[in-house]
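What follows is entry22.cif (mmCIF, C-alpha atoms).
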```cif
data_query
loop_
_atom_site.label_atom_id
_atom_site.label_comp_id
_atom_site.auth_asym_id
_atom_site.auth_seq_id
_atom_site.Cartn_x
_atom_site.Cartn_y
_atom_site.Cartn_z
CA MET R 671 2.71 -7.09 12.17
CA SER R 672 4.45 -4.06 13.67
CA ARG R 673 7.79 -5.68 12.79
CA ALA R 674 6.77 -5.85 9.15
CA LEU R 675 5.71 -2.20 9.16
CA LEU R 676 8.89 -1.04 10.90
CA ALA R 677 10.91 -2.99 8.32
CA LEU R 678 8.97 -1.23 5.54
CA ILE R 679 9.57 2.23 7.05
CA ALA R 680 13.26 1.44 7.58
CA ARG R 681 13.58 0.22 3.98
CA ASP R 682 11.96 3.36 2.54
CA LEU R 683 14.14 5.61 4.70
CA ALA R 684 17.23 3.71 3.51
CA LEU R 685 16.08 3.97 -0.12
CA ALA R 686 15.60 7.74 0.23
CA THR R 687 19.25 8.14 1.13
CA ARG R 688 20.62 5.80 -1.59
CA VAL R 689 21.22 6.34 -5.28
CA GLY R 690 18.07 7.54 -7.01
CA GLY R 691 16.33 8.39 -3.75
CA SER R 692 14.79 11.81 -3.30
CA GLY R 693 16.13 12.28 0.23
CA ALA R 694 17.31 15.88 0.36
CA LEU R 695 15.88 16.85 -3.01
CA SER R 696 12.61 18.32 -1.77
CA LEU R 697 14.49 20.35 0.83
CA VAL R 698 16.76 21.82 -1.85
CA PHE R 699 13.73 22.52 -4.07
CA PHE R 700 12.06 24.26 -1.10
CA LEU R 701 15.14 26.42 -0.64
CA MET R 702 15.21 27.29 -4.36
CA ILE R 703 11.63 28.53 -4.44
CA VAL R 704 12.00 30.55 -1.25
CA ALA R 705 15.27 32.02 -2.48
CA LEU R 706 13.75 33.02 -5.84
CA VAL R 707 10.97 35.10 -4.32
CA PRO R 708 13.13 37.99 -3.02
CA PHE R 709 14.77 38.20 -6.43
CA ALA R 710 11.38 38.48 -8.07
CA LEU R 711 9.87 40.98 -5.61
CA GLY R 712 12.87 43.11 -4.87
CA PRO R 713 14.39 44.01 -1.50
CA ASP R 714 11.19 45.28 0.12
CA LEU R 715 11.56 43.83 3.63
CA ASN R 716 8.10 44.87 4.82
CA LEU R 717 6.40 43.25 1.86
CA LEU R 718 8.54 40.12 2.20
CA SER R 719 7.87 39.63 5.89
CA ARG R 720 4.15 40.21 5.29
CA ILE R 721 3.87 37.53 2.59
CA GLY R 722 6.65 35.36 4.04
CA PRO R 723 4.44 32.67 5.61
CA ALA R 724 2.45 32.40 2.37
CA ILE R 725 5.66 31.94 0.38
CA LEU R 726 6.94 29.26 2.75
CA TRP R 727 3.63 27.42 2.58
CA LEU R 728 3.43 27.61 -1.22
CA ALA R 729 6.99 26.32 -1.43
CA ALA R 730 6.12 23.52 1.00
CA VAL R 731 3.11 22.47 -1.10
CA LEU R 732 5.22 22.35 -4.26
CA ALA R 733 8.15 20.62 -2.54
CA THR R 734 5.82 17.93 -1.20
CA LEU R 735 5.09 16.93 -4.80
CA ILE R 736 8.77 16.06 -5.34
CA GLY R 737 9.20 12.33 -5.11
CA LEU R 738 5.52 11.74 -4.52
CA ASP R 739 5.03 10.32 -8.03
CA ARG R 740 7.50 7.53 -7.23
CA LEU R 741 5.88 6.70 -3.87
CA PHE R 742 4.01 3.68 -5.23
CA GLN R 743 5.13 3.67 -8.86
CA ALA R 744 8.65 2.48 -8.07
CA ASP R 745 7.28 -0.43 -6.06
CA ASP R 746 4.68 -1.22 -8.71
CA GLU R 747 7.29 -1.42 -11.47
CA ASP R 748 9.73 -3.79 -9.80
CA GLY R 749 7.17 -6.08 -8.17
CA SER R 750 7.73 -4.92 -4.58
CA LEU R 751 4.05 -4.08 -4.36
CA ASP R 752 3.21 -7.73 -5.13
CA LEU R 753 5.58 -8.73 -2.35
CA MET R 754 3.83 -6.36 0.05
CA SER R 755 0.40 -7.64 -0.91
CA ALA R 756 1.62 -11.13 0.07
CA ALA R 757 2.57 -9.88 3.53
CA PRO R 758 0.29 -10.81 6.43
CA VAL R 759 -0.52 -7.11 6.84
CA PRO R 760 -3.52 -5.22 5.41
CA LEU R 761 -2.67 -3.07 2.39
CA GLU R 762 -3.96 -0.03 4.31
CA LEU R 763 -1.19 -0.42 6.88
CA VAL R 764 1.40 -0.90 4.13
CA VAL R 765 0.21 2.40 2.63
CA LEU R 766 0.31 4.06 6.06
CA ALA R 767 3.89 2.89 6.65
CA LYS R 768 5.03 4.09 3.23
CA VAL R 769 3.39 7.50 3.64
CA VAL R 770 4.87 7.93 7.12
CA ALA R 771 8.32 7.12 5.72
CA HIS R 772 7.75 9.60 2.91
CA TRP R 773 6.70 12.32 5.35
CA LEU R 774 9.75 11.65 7.49
CA THR R 775 11.99 12.29 4.46
CA THR R 776 10.09 15.29 2.99
CA GLY R 777 7.55 16.98 5.28
CA LEU R 778 9.47 16.77 8.53
CA PRO R 779 12.82 18.14 7.22
CA LEU R 780 10.83 20.90 5.52
CA ALA R 781 9.13 21.96 8.75
CA LEU R 782 12.37 21.76 10.71
CA ALA R 783 14.31 23.79 8.15
CA SER R 784 11.62 26.45 7.63
CA PRO R 785 12.87 28.84 10.39
CA LEU R 786 16.18 29.01 8.54
CA PHE R 787 14.47 29.70 5.24
CA GLY R 788 12.28 32.26 7.03
CA LEU R 789 15.40 34.44 7.19
CA LEU R 790 15.32 34.74 3.40
CA VAL R 791 11.87 36.32 3.50
CA ALA R 792 12.61 38.53 6.53
CA LEU R 793 10.35 36.78 9.03
CA ASP R 794 10.73 37.77 12.69
CA GLY R 795 11.20 35.23 15.47
CA THR R 796 7.50 34.77 16.18
CA GLY R 797 6.73 34.38 12.49
CA MET R 798 9.44 31.75 12.05
CA GLY R 799 8.28 29.70 15.03
CA ALA R 800 4.64 29.93 13.99
CA THR R 801 5.35 28.96 10.39
CA ALA R 802 7.44 25.99 11.48
CA LEU R 803 4.68 24.86 13.84
CA THR R 804 1.99 25.16 11.15
CA LEU R 805 4.16 23.26 8.68
CA LEU R 806 4.69 20.53 11.27
CA ALA R 807 0.94 20.25 11.78
CA GLY R 808 -0.03 20.68 8.13
CA THR R 809 2.52 18.79 5.99
CA PRO R 810 1.11 15.37 7.02
CA ALA R 811 -2.17 16.43 5.39
CA LEU R 812 -0.30 17.35 2.21
CA THR R 813 1.52 14.01 2.12
CA PHE R 814 -1.57 11.91 2.76
CA ILE R 815 -3.61 13.79 0.14
CA GLY R 816 -0.73 13.37 -2.28
CA ALA R 817 -0.57 9.64 -1.53
CA VAL R 818 -4.06 9.20 -3.00
CA GLY R 819 -2.89 10.78 -6.25
CA ALA R 820 0.29 8.71 -6.14
CA ALA R 821 -1.73 5.50 -5.78
CA LEU R 822 -4.06 6.48 -8.63
CA THR R 823 -1.15 7.19 -10.98
CA ALA R 824 1.04 4.29 -9.79
CA SER R 825 0.76 2.34 -13.03
CA ILE R 826 0.95 5.34 -15.36
CA ARG R 827 4.28 6.20 -16.93
CA ARG R 828 5.15 9.85 -16.39
CA GLY R 829 2.20 10.26 -14.07
CA GLY R 830 3.90 13.08 -12.16
CA LEU R 831 2.05 15.90 -13.89
CA ILE R 832 -1.32 14.18 -13.67
CA LEU R 833 -0.55 13.64 -9.99
CA ALA R 834 0.05 17.36 -9.47
CA VAL R 835 -3.15 18.30 -11.33
CA LEU R 836 -5.11 15.77 -9.28
CA VAL R 837 -3.90 16.62 -5.82
CA LEU R 838 -3.11 20.35 -5.86
CA PRO R 839 -6.80 21.41 -5.74
CA LEU R 840 -7.32 19.08 -2.78
CA MET R 841 -4.46 20.76 -0.93
CA VAL R 842 -6.19 24.18 -1.04
CA PRO R 843 -7.94 23.90 2.38
CA THR R 844 -4.67 22.91 4.04
CA LEU R 845 -2.93 25.84 2.37
CA ILE R 846 -5.62 28.31 3.48
CA PHE R 847 -5.57 27.28 7.12
CA GLY R 848 -1.80 26.87 7.19
CA VAL R 849 -1.18 30.40 5.94
CA SER R 850 -3.91 31.94 8.09
CA ALA R 851 -2.50 30.23 11.21
CA ALA R 852 1.03 31.37 10.45
CA GLU R 853 -0.14 34.96 9.79
CA SER R 854 -2.37 35.17 12.84
CA ALA R 855 0.67 34.52 15.05
CA SER R 856 2.21 37.84 14.03
CA GLY R 857 -0.93 39.94 14.34
CA GLY R 858 -4.52 39.90 13.21
CA THR R 859 -7.85 39.30 14.84
CA VAL R 860 -7.97 35.49 14.78
CA PRO R 861 -6.26 33.72 17.72
CA PHE R 862 -3.37 31.50 16.58
CA THR R 863 -4.75 28.28 18.00
CA THR R 864 -8.03 28.25 16.04
CA PRO R 865 -6.62 27.78 12.53
CA LEU R 866 -3.84 25.61 13.97
CA ALA R 867 -6.41 23.25 15.50
CA ILE R 868 -8.29 23.10 12.20
CA LEU R 869 -4.98 22.38 10.44
CA ALA R 870 -4.22 19.52 12.82
CA GLY R 871 -7.76 18.24 12.27
CA LEU R 872 -7.23 18.33 8.50
CA SER R 873 -4.08 16.26 8.94
CA LEU R 874 -5.90 13.66 11.02
CA ILE R 875 -8.79 13.43 8.54
CA ALA R 876 -6.34 13.17 5.63
CA ALA R 877 -4.46 10.40 7.47
CA VAL R 878 -7.60 8.26 7.68
CA VAL R 879 -9.24 9.09 4.36
CA GLY R 880 -5.95 9.24 2.45
CA THR R 881 -4.78 5.85 3.70
CA LEU R 882 -8.05 4.11 2.87
CA ALA R 883 -8.40 5.84 -0.50
CA ALA R 884 -4.80 5.13 -1.54
CA ALA R 885 -5.13 1.45 -0.61
CA ALA R 886 -8.40 1.23 -2.53
CA ALA R 887 -6.78 2.87 -5.54
CA LEU R 888 -3.90 0.37 -5.45
CA ARG R 889 -6.30 -2.57 -5.24
CA TRP R 890 -8.41 -1.22 -8.04
CA SER R 891 -5.46 -0.80 -10.37
CA GLU R 892 -4.33 -4.40 -9.92
CA MET E 878 -1.80 -27.06 2.71
CA ARG E 879 -4.09 -28.24 -0.05
CA LEU E 880 -5.09 -26.24 -3.09
CA SER E 881 -7.89 -26.93 -5.49
CA VAL E 882 -8.86 -24.92 -8.52
CA GLU E 883 -12.07 -25.53 -10.39
CA GLU E 884 -13.14 -24.32 -13.81
CA LEU E 885 -10.97 -21.23 -13.64
CA ALA E 886 -11.40 -18.72 -16.43
CA CYS E 887 -9.40 -15.63 -17.17
CA ARG E 888 -10.28 -12.60 -19.22
CA ARG E 889 -7.95 -9.71 -19.80
CA SER E 890 -9.03 -6.47 -21.47
CA GLY E 891 -12.25 -8.21 -22.49
CA ARG E 892 -10.41 -11.03 -24.28
CA ARG E 893 -10.74 -14.60 -23.11
CA VAL E 894 -7.32 -15.99 -22.23
CA PHE E 895 -8.30 -19.42 -20.94
CA THR E 896 -11.35 -21.19 -19.56
CA GLY E 897 -12.11 -24.32 -17.62
CA LEU E 898 -8.79 -24.87 -15.86
CA SER E 899 -9.04 -27.34 -12.99
CA PHE E 900 -6.41 -28.96 -10.83
CA ALA E 901 -5.79 -29.97 -7.24
CA LEU E 902 -2.58 -30.15 -5.29
CA ARG E 903 -1.92 -32.03 -2.05
CA PRO E 904 1.13 -31.59 0.19
CA GLY E 905 4.32 -32.45 -1.66
CA GLU E 906 2.78 -32.18 -5.09
CA ALA E 907 3.85 -29.91 -7.88
CA LEU E 908 2.26 -28.68 -11.06
CA ALA E 909 4.14 -27.70 -14.18
CA VAL E 910 2.12 -25.27 -16.26
CA THR E 911 3.04 -25.35 -19.92
CA GLY E 912 1.80 -23.59 -22.98
CA ARG E 913 3.17 -21.37 -25.67
CA ASN E 914 3.93 -17.70 -25.10
CA GLY E 915 0.75 -15.81 -24.44
CA ALA E 916 -1.29 -18.89 -23.51
CA GLY E 917 -1.94 -17.44 -20.06
CA LYS E 918 0.62 -19.11 -17.80
CA SER E 919 1.55 -15.88 -16.07
CA SER E 920 -2.11 -14.89 -15.88
CA LEU E 921 -2.86 -18.14 -14.05
CA LEU E 922 -0.07 -17.42 -11.56
CA ALA E 923 -1.28 -13.84 -11.15
CA ILE E 924 -4.77 -15.12 -10.33
CA LEU E 925 -3.37 -17.55 -7.77
CA ALA E 926 -1.27 -14.76 -6.24
CA GLY E 927 -4.38 -12.61 -5.91
CA ARG E 928 -3.16 -9.93 -8.29
CA LEU E 929 -5.77 -10.66 -10.93
CA ARG E 930 -9.43 -11.43 -10.50
CA PRO E 931 -10.61 -14.61 -12.21
CA ASP E 932 -13.44 -14.30 -14.67
CA ALA E 933 -15.07 -17.49 -13.36
CA GLY E 934 -14.24 -20.52 -11.28
CA GLN E 935 -13.16 -21.15 -7.73
CA ILE E 936 -9.91 -21.42 -5.81
CA ARG E 937 -10.02 -23.26 -2.51
CA VAL E 938 -7.31 -23.69 0.08
CA ALA E 939 -7.45 -26.02 3.05
CA ASP E 940 -5.27 -26.72 6.09
CA VAL E 941 -3.84 -23.22 6.33
CA GLY E 942 -5.77 -21.88 9.29
CA GLU E 943 -6.99 -18.33 8.85
CA ALA E 944 -4.37 -17.26 6.33
CA SER E 945 -5.57 -16.11 2.93
CA LEU E 946 -4.03 -17.56 -0.24
CA PRO E 947 -1.64 -14.63 -0.88
CA GLU E 948 -0.33 -15.04 2.67
CA CYS E 949 0.54 -18.70 2.00
CA LEU E 950 2.69 -18.24 -1.06
CA HIS E 951 5.98 -17.07 -2.43
CA ALA E 952 5.90 -15.71 -5.96
CA VAL E 953 9.06 -15.47 -8.05
CA GLY E 954 8.57 -13.98 -11.47
CA HIS E 955 10.04 -11.52 -13.91
CA ARG E 956 9.39 -8.55 -11.69
CA ASP E 957 11.59 -9.73 -8.87
CA GLY E 958 10.66 -7.21 -6.19
CA LEU E 959 14.29 -6.40 -5.51
CA LYS E 960 15.41 -2.85 -4.88
CA ALA E 961 18.49 -2.11 -6.98
CA ALA E 962 19.82 0.47 -4.50
CA LEU E 963 19.76 -1.94 -1.54
CA THR E 964 22.22 -4.76 -1.03
CA ALA E 965 21.18 -8.37 -1.56
CA GLY E 966 21.30 -8.90 2.20
CA GLU E 967 19.11 -5.87 2.89
CA ASN E 968 16.57 -6.96 0.29
CA LEU E 969 16.31 -10.41 1.87
CA ALA E 970 16.23 -9.07 5.44
CA PHE E 971 13.34 -6.82 4.42
CA ALA E 972 11.41 -9.69 2.82
CA ARG E 973 12.09 -11.79 5.91
CA ALA E 974 10.67 -9.16 8.26
CA LEU E 975 7.76 -8.33 5.94
CA LEU E 976 6.55 -11.81 5.12
CA GLY E 977 6.94 -13.35 8.58
CA ASP E 978 7.55 -16.99 9.58
CA ALA E 979 11.29 -16.42 9.22
CA ARG E 980 13.62 -19.34 8.53
CA MET E 981 17.14 -18.95 7.17
CA GLU E 982 19.30 -15.88 7.76
CA PRO E 983 19.80 -13.84 4.55
CA ARG E 984 23.52 -14.65 4.54
CA ALA E 985 22.90 -18.37 4.82
CA ALA E 986 20.21 -18.29 2.14
CA LEU E 987 22.51 -16.41 -0.24
CA ALA E 988 25.31 -18.88 0.49
CA ARG E 989 22.95 -21.73 -0.37
CA LEU E 990 22.30 -20.09 -3.73
CA GLY E 991 26.06 -19.65 -4.24
CA LEU E 992 25.91 -15.89 -3.73
CA GLY E 993 27.54 -15.57 -0.31
CA HIS E 994 29.91 -12.93 -1.70
CA ALA E 995 27.02 -10.75 -2.87
CA HIS E 996 25.53 -10.17 0.59
CA ASP E 997 26.89 -6.64 0.81
CA LEU E 998 26.66 -5.76 -2.88
CA PRO E 999 23.86 -3.53 -4.17
CA VAL E 1000 21.53 -5.57 -6.37
CA ALA E 1001 22.15 -3.05 -9.17
CA TYR E 1002 25.66 -4.53 -9.54
CA LEU E 1003 24.38 -8.08 -10.08
CA SER E 1004 23.76 -9.80 -13.40
CA ALA E 1005 20.32 -11.01 -14.46
CA GLY E 1006 21.08 -14.56 -13.34
CA GLN E 1007 22.42 -13.39 -10.00
CA ARG E 1008 19.37 -11.19 -9.43
CA ARG E 1009 17.16 -14.18 -10.13
CA ARG E 1010 19.11 -16.19 -7.57
CA VAL E 1011 18.66 -13.43 -4.96
CA ALA E 1012 14.93 -13.55 -5.68
CA LEU E 1013 15.03 -17.33 -5.28
CA ALA E 1014 16.85 -16.93 -1.95
CA ARG E 1015 13.66 -15.25 -0.74
CA LEU E 1016 12.06 -18.71 -0.91
CA LEU E 1017 14.43 -19.79 1.86
CA VAL E 1018 14.38 -16.81 4.25
CA CYS E 1019 10.75 -17.38 5.19
CA HIS E 1020 8.52 -20.37 4.96
CA ARG E 1021 5.49 -20.34 2.71
CA PRO E 1022 3.79 -23.62 1.79
CA LEU E 1023 3.06 -22.69 -1.84
CA TRP E 1024 5.71 -21.57 -4.32
CA LEU E 1025 4.53 -19.85 -7.49
CA LEU E 1026 7.42 -19.84 -9.94
CA ASP E 1027 7.13 -18.03 -13.26
CA GLU E 1028 9.90 -19.22 -15.59
CA PRO E 1029 12.18 -19.83 -12.60
CA THR E 1030 15.07 -21.01 -14.75
CA ALA E 1031 15.14 -17.86 -16.89
CA ALA E 1032 18.67 -16.40 -16.93
CA LEU E 1033 19.98 -19.19 -14.68
CA ASP E 1034 23.10 -21.14 -15.62
CA VAL E 1035 23.12 -24.94 -15.64
CA ALA E 1036 24.52 -25.29 -12.11
CA SER E 1037 21.91 -22.90 -10.71
CA GLN E 1038 19.15 -24.77 -12.52
CA ALA E 1039 20.27 -27.98 -10.82
CA LEU E 1040 20.35 -26.16 -7.49
CA LEU E 1041 16.83 -24.88 -8.07
CA ALA E 1042 15.66 -28.42 -8.81
CA GLU E 1043 17.26 -29.50 -5.53
CA LEU E 1044 15.50 -26.71 -3.60
CA MET E 1045 12.17 -27.62 -5.16
CA ALA E 1046 12.66 -31.28 -4.23
CA GLU E 1047 13.44 -30.32 -0.62
CA HIS E 1048 10.40 -28.05 -0.46
CA ARG E 1049 8.15 -30.82 -1.73
CA ALA E 1050 9.70 -33.38 0.62
CA ALA E 1051 8.77 -31.04 3.48
CA GLY E 1052 5.15 -31.03 2.30
CA GLY E 1053 5.29 -27.88 0.19
CA LEU E 1054 3.40 -27.17 -3.01
CA ILE E 1055 4.79 -25.79 -6.24
CA VAL E 1056 3.09 -24.31 -9.25
CA ALA E 1057 5.65 -23.49 -11.91
CA ALA E 1058 5.08 -21.99 -15.33
CA THR E 1059 7.97 -23.29 -17.35
CA HIS E 1060 9.17 -24.44 -20.72
CA GLN E 1061 11.65 -26.83 -19.13
CA ALA E 1062 10.26 -29.45 -16.77
CA LEU E 1063 13.46 -29.21 -14.78
CA GLY E 1064 13.19 -30.96 -11.43
CA LEU E 1065 9.49 -31.38 -11.98
CA GLU E 1066 9.70 -34.50 -14.18
CA ASP E 1067 7.38 -36.39 -11.83
CA ALA E 1068 4.97 -33.48 -11.41
CA ALA E 1069 1.56 -33.22 -12.97
CA THR E 1070 1.44 -31.10 -16.09
CA LEU E 1071 -1.23 -28.61 -16.93
CA ALA E 1072 -1.08 -27.60 -20.54
CA ILE E 1073 -2.91 -24.42 -21.27
CA ALA E 1074 -4.21 -24.89 -24.76
CA ALA E 1075 -3.66 -22.41 -27.49
CA PRO E 1076 -6.91 -20.72 -28.44
CA GLU E 1077 -9.02 -22.44 -31.05
CA PRO E 1078 -8.23 -21.40 -34.59
CA GLY E 1079 -10.64 -18.84 -35.90
CA LEU E 1080 -11.17 -17.34 -32.48
CA ASP E 1081 -10.69 -13.62 -32.68
CA ARG E 1082 -7.41 -12.85 -31.04
CA PRO E 1083 -6.25 -9.44 -32.18
CA SER E 1084 -3.14 -9.08 -30.05
CA PRO E 1085 -0.96 -11.40 -28.01
CA THR E 1086 -1.69 -11.65 -24.31
CA PRO E 1087 0.28 -9.00 -22.46
CA ASP E 1088 1.67 -11.45 -19.96
CA ARG E 1089 5.15 -10.89 -18.74
CA ASP E 1090 7.10 -13.74 -20.25
CA ALA E 1091 8.38 -11.86 -23.25
CA ASP E 1092 10.91 -13.85 -25.20
CA TRP E 1093 13.83 -11.51 -24.70
CA ARG E 1094 13.71 -12.09 -20.97
CA ASP E 1095 14.27 -15.78 -21.52
CA ALA E 1096 17.62 -15.11 -23.10
CA ASP E 1097 20.37 -16.75 -21.17
CA VAL E 1098 22.52 -14.17 -19.41
CA GLU E 1099 25.88 -15.33 -18.21
CA ASP E 1100 27.09 -14.61 -14.73
CA TRP E 1101 30.07 -12.31 -14.87
CA ALA E 1102 31.12 -12.47 -11.24
#
```

Conversion result in structure tokens:
Amino acid sequence: MSRALLALIARDLALATRVGGSGALSLVFFLMIVALVPFALGPDLNLLSRIGPAILWLAAVLATLIGLDRLFQADDEDGSLDLMSAAPVPLELVVLAKVVAHWLTTGLPLALASPLFGLLVALDGTGMGATALTLLAGTPALTFIGAVGAALTASIRRGGLILAVLVLPLMVPTLIFGVSAAESASGGTVPFTTPLAILAGLSLIAAVVGTLAAAAALRWSE
Amino acid sequence: MRLSVEELACRRSGRRVFTGLSFALRPGEALAVTGRNGAGKSSLLAILAGRLRPDAGQIRVADVGEASLPECLHAVGHRDGLKAALTAGENLAFARALLGDARMEPRAALARLGLGHAHDLPVAYLSAGQRRRVALARLLVCHRPLWLLDEPTAALDVASQALLAELMAEHRAAGGLIVAATHQALGLEDAATLAIAAPEPGLDRPSPTPDRDADWRDADVEDWA
């Protein structure tokens, strides 16, 4: 069973780097949004460093949506999903493996690259570290929530926009706690660990609920 | 493995596609499902594969232990489940790891289908007939007692059709089961035939069944490699 899941993760990672994969695309999109903000706001370093974590988090939420619409749709179109449903593995675990692979190619690079992008919005060292840590803890929640929308829109052509409309409201709690954790690291009354723990909790809840809900949505659409 | 289907009925989008289909297969037996386009051949295979819920009737399997029906079968149809960006070998290696009960190596299976040279080629570079042969090679990389074949000869050249007949004969000799929806009873001359009847005249049938054996896909595509 674990061999099948590892094969699935390895296949999705390979696909992300091949033609038509969205491997580095979300990272580039992330960079674009973060780079646009200073142009829009002007060179006010104090303002930028104050709203920096919020900008990075907003960019992360939007960048997570890149490629999410193809998460199940691509496999639904070419029959791979039928192949997976014939595997001696529950559909829930198939979904889990696919979402993990997707997070490894979008959420993880995003979190790792965020200190670098923090330079563009004049974050100090503490702010960069804190934002990267919150993104590491919070992007799994974004991906798992998005997976539910991806499963619901798997059989809809051009379902990308519907996907965004469906899942963005559900990402609000993650955004709130992510930004408040990142900001509390560089001052404020709330200790850093409280919102961070809630953020990690949100990711764990999303991992369970998102996996079950996405698998149910895929079954229902068949 | 034994398979028995009783009084199966199918309804899609509220329209009755077929009713009262019954058949039974014992080890080594095959069933050729015939019927005109839209009669419900692909729907029957989709029900057997667990992708579609039957409207009525029962499907029973025996002698397969605890495995469910989808875990006992290979399905080869129009949507071939191949990733165009991966090579033929990678596609087969993935199926082999995913489906379990591995048999032939991907390279050997491709060689059997006459595609040994395509092992390291992305599937996107292959012709329709070659893609179909890669999908058929999946039948060999892991063992499943039941083969569900939807128009397996579509896009295949004459030599490949003969090869497919040979593979089907070997599978049946080893105790395997085959259900094939086909217009040509190739290699299944001795198999039972299940003709899905066209709907009775006068029955309201506003649009053709949206099953996936559209005519254009049946067009013969020549191998160019």

Study note, to complete from the structure: Using all atoms listed in the file, the best pick from E:Leu1041, E:Ala988, E:Leu925, E:Ala995 as closest to chain R would be E:Leu925

Quick one: which chain E residues come within 7 Å of chain R, and what is the nearest atom pair for each with the distance in Å to one decimal, counting only C-alpha atoms, rows ordered by chain and ascending number, as CSV?
```
residue,atom,partner,partner_atom,distance
E:Arg928,CA,R:Glu892,CA,5.9
E:Leu929,CA,R:Glu892,CA,6.5
E:Pro947,CA,R:Ala756,CA,4.9
E:Glu948,CA,R:Ala756,CA,5.1
E:Arg956,CA,R:Gly749,CA,4.8
E:Asp957,CA,R:Gly749,CA,5.8
E:Gly958,CA,R:Ser750,CA,4.1
E:Leu959,CA,R:Asp748,CA,6.8
E:Ala962,CA,R:Val689,CA,6.1
E:Phe971,CA,R:Ala677,CA,6.0
E:Ala974,CA,R:Ala674,CA,5.2
E:Leu975,CA,R:Ala674,CA,4.2
E:Leu976,CA,R:Ala757,CA,4.7
```

Practice item. Could you tell me which residues the PyMOL selection byres ((chain R and resi 736-738) around 12) returns for this structure, as a PyMOL selection string? Key: chain R and resi 685-686+690-700+729-735+739-744+768-769+771-773+775-777+812-824+829-834+837

Check your understanding: So what does the PyMOL selection byres ((chain R and resi 708) around 10) actually pick up in this one, as a list in words?
Key ->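 With the shown file as input, the PyMOL selection byres ((chain R and resi 708) around 10) matches Ile703, Val704, Ala705, Leu706, Val707, Phe709, Ala710, Leu711, Gly712, Pro713, Asp714, Leu715, Leu717, Leu718, Gly722, Leu790, Val791 and Ala792 of chain R.
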
Residues as selected, C-alpha atoms, written as a JSON list (two decimals), keeping the file's coordinate frame, can you do that?
```
[["chain", "number", "residue", "atom", "x", "y", "z"],
["R", 703, "ILE", "CA", 11.63, 28.53, -4.44],
["R", 704, "VAL", "CA", 12.00, 30.55, -1.25],
["R", 705, "ALA", "CA", 15.27, 32.02, -2.48],
["R", 706, "LEU", "CA", 13.75, 33.02, -5.84],
["R", 707, "VAL", "CA", 10.97, 35.10, -4.32],
["R", 709, "PHE", "CA", 14.77, 38.20, -6.43],
["R", 710, "ALA", "CA", 11.38, 38.48, -8.07],
["R", 711, "LEU", "CA", 9.87, 40.98, -5.61],
["R", 712, "GLY", "CA", 12.87, 43.11, -4.87],
["R", 713, "PRO", "CA", 14.39, 44.01, -1.50],
["R", 714, "ASP", "CA", 11.19, 45.28, 0.12],
["R", 715, "LEU", "CA", 11.56, 43.83, 3.63],
["R", 717, "LEU", "CA", 6.40, 43.25, 1.86],
["R", 718, "LEU", "CA", 8.54, 40.12, 2.20],
["R", 722, "GLY", "CA", 6.65, 35.36, 4.04],
["R", 790, "LEU", "CA", 15.32, 34.74, 3.40],
["R", 791, "VAL", "CA", 11.87, 36.32, 3.50],
["R", 792, "ALA", "CA", 12.61, 38.53, 6.53]]
```

**Study point:** Given the PyMOL selection byres ((chain E and resi 1061) around 12), the residues it picks as an MDAnalysis selection string
**Key:** chainID E and resid 909:912 1027:1031 1038 1042 1057:1060 1062:1066 1070 1095

Check your understanding: Which value, in Å to one decimal, gives the distance between atom CA of Gly795 of chain R and atom CA of Leu778 of chain R?
Key -> 19.8 Å

Review point. Between atom CA of Glu883 of chain E and atom CA of Pro760 of chain R, what is the distance, to one decimal in Å?
Key: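 Pair atom CA of Glu883 of chain E / atom CA of Pro760 of chain R returns 27.1 Å.
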
Exercise for review: Can you work out the spacing between atom CA of Arg973 of chain E and atom CA of Lys960 of chain E in Å, to one decimal?
Suggested key: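 Taking atom CA of Arg973 of chain E and atom CA of Lys960 of chain E, their separation equals 14.4 Å.
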
**Study point:** Polymer residues at most 12 Å from (19.2, -11.0, -8.6) by only C-alpha atoms, as a PyMOL selection string
**Key:** (chain R and resi 748) or (chain E and resi 953-961+963-966+968-969+987+990-992+995-996+998-1015+1029+1031-1033+1098+1100)

Output, as JSON, the centre and edge lengths in Å (one decimal) of the axis-aligned box that contains all listed atoms of segment 826-844 of chain R with 4 Å of margin on each side.
```
{"center_x": -1.4, "center_y": 14.8, "center_z": -6.4, "size_x": 21.1, "size_y": 26.8, "size_z": 29.0}
```

Point to revise | Closest of R:Val765, R:Leu793, R:Ile846, R:Ala800 to Ala781 of chain R - atom-to-atom distances counting only C-alpha atoms | key: R:Ala800

Distance cut-off 6 Å, centre (-1.9, 3.1, 0.7) in file coordinates, counting all atoms listed in the file: which residues qualify? Return them as a PDB file with C-alpha atoms, in the frame of the given file.
```
ATOM      1  CA  GLU R 762      -3.960  -0.030   4.310  1.00  0.00           C
ATOM      2  CA  VAL R 765       0.210   2.400   2.630  1.00  0.00           C
ATOM      3  CA  LEU R 766       0.310   4.060   6.060  1.00  0.00           C
ATOM      4  CA  THR R 881      -4.780   5.850   3.700  1.00  0.00           C
ATOM      5  CA  ALA R 884      -4.800   5.130  -1.540  1.00  0.00           C
ATOM      6  CA  ALA R 885      -5.130   1.450  -0.610  1.00  0.00           C
TER       7      ALA R 885
END
```

Practice item. Determine, counting all atoms listed in the file, which protein, DNA and RNA residues have an atom within 6 Å of an atom of Ser881 of chain E; residues of the same chain fewer than 3 positions away are not included. Present the result as a PyMOL selection string. Key: chain E and resi 900-901+936-937

Practice item. Please identify all polymer residues within 6 Å of Leu1025 of chain E, counting all atoms listed in the file, omitting same-chain residues fewer than 2 positions from it, and present them as a ChimeraX atom specification. Key: /E:951-952,1056-1057
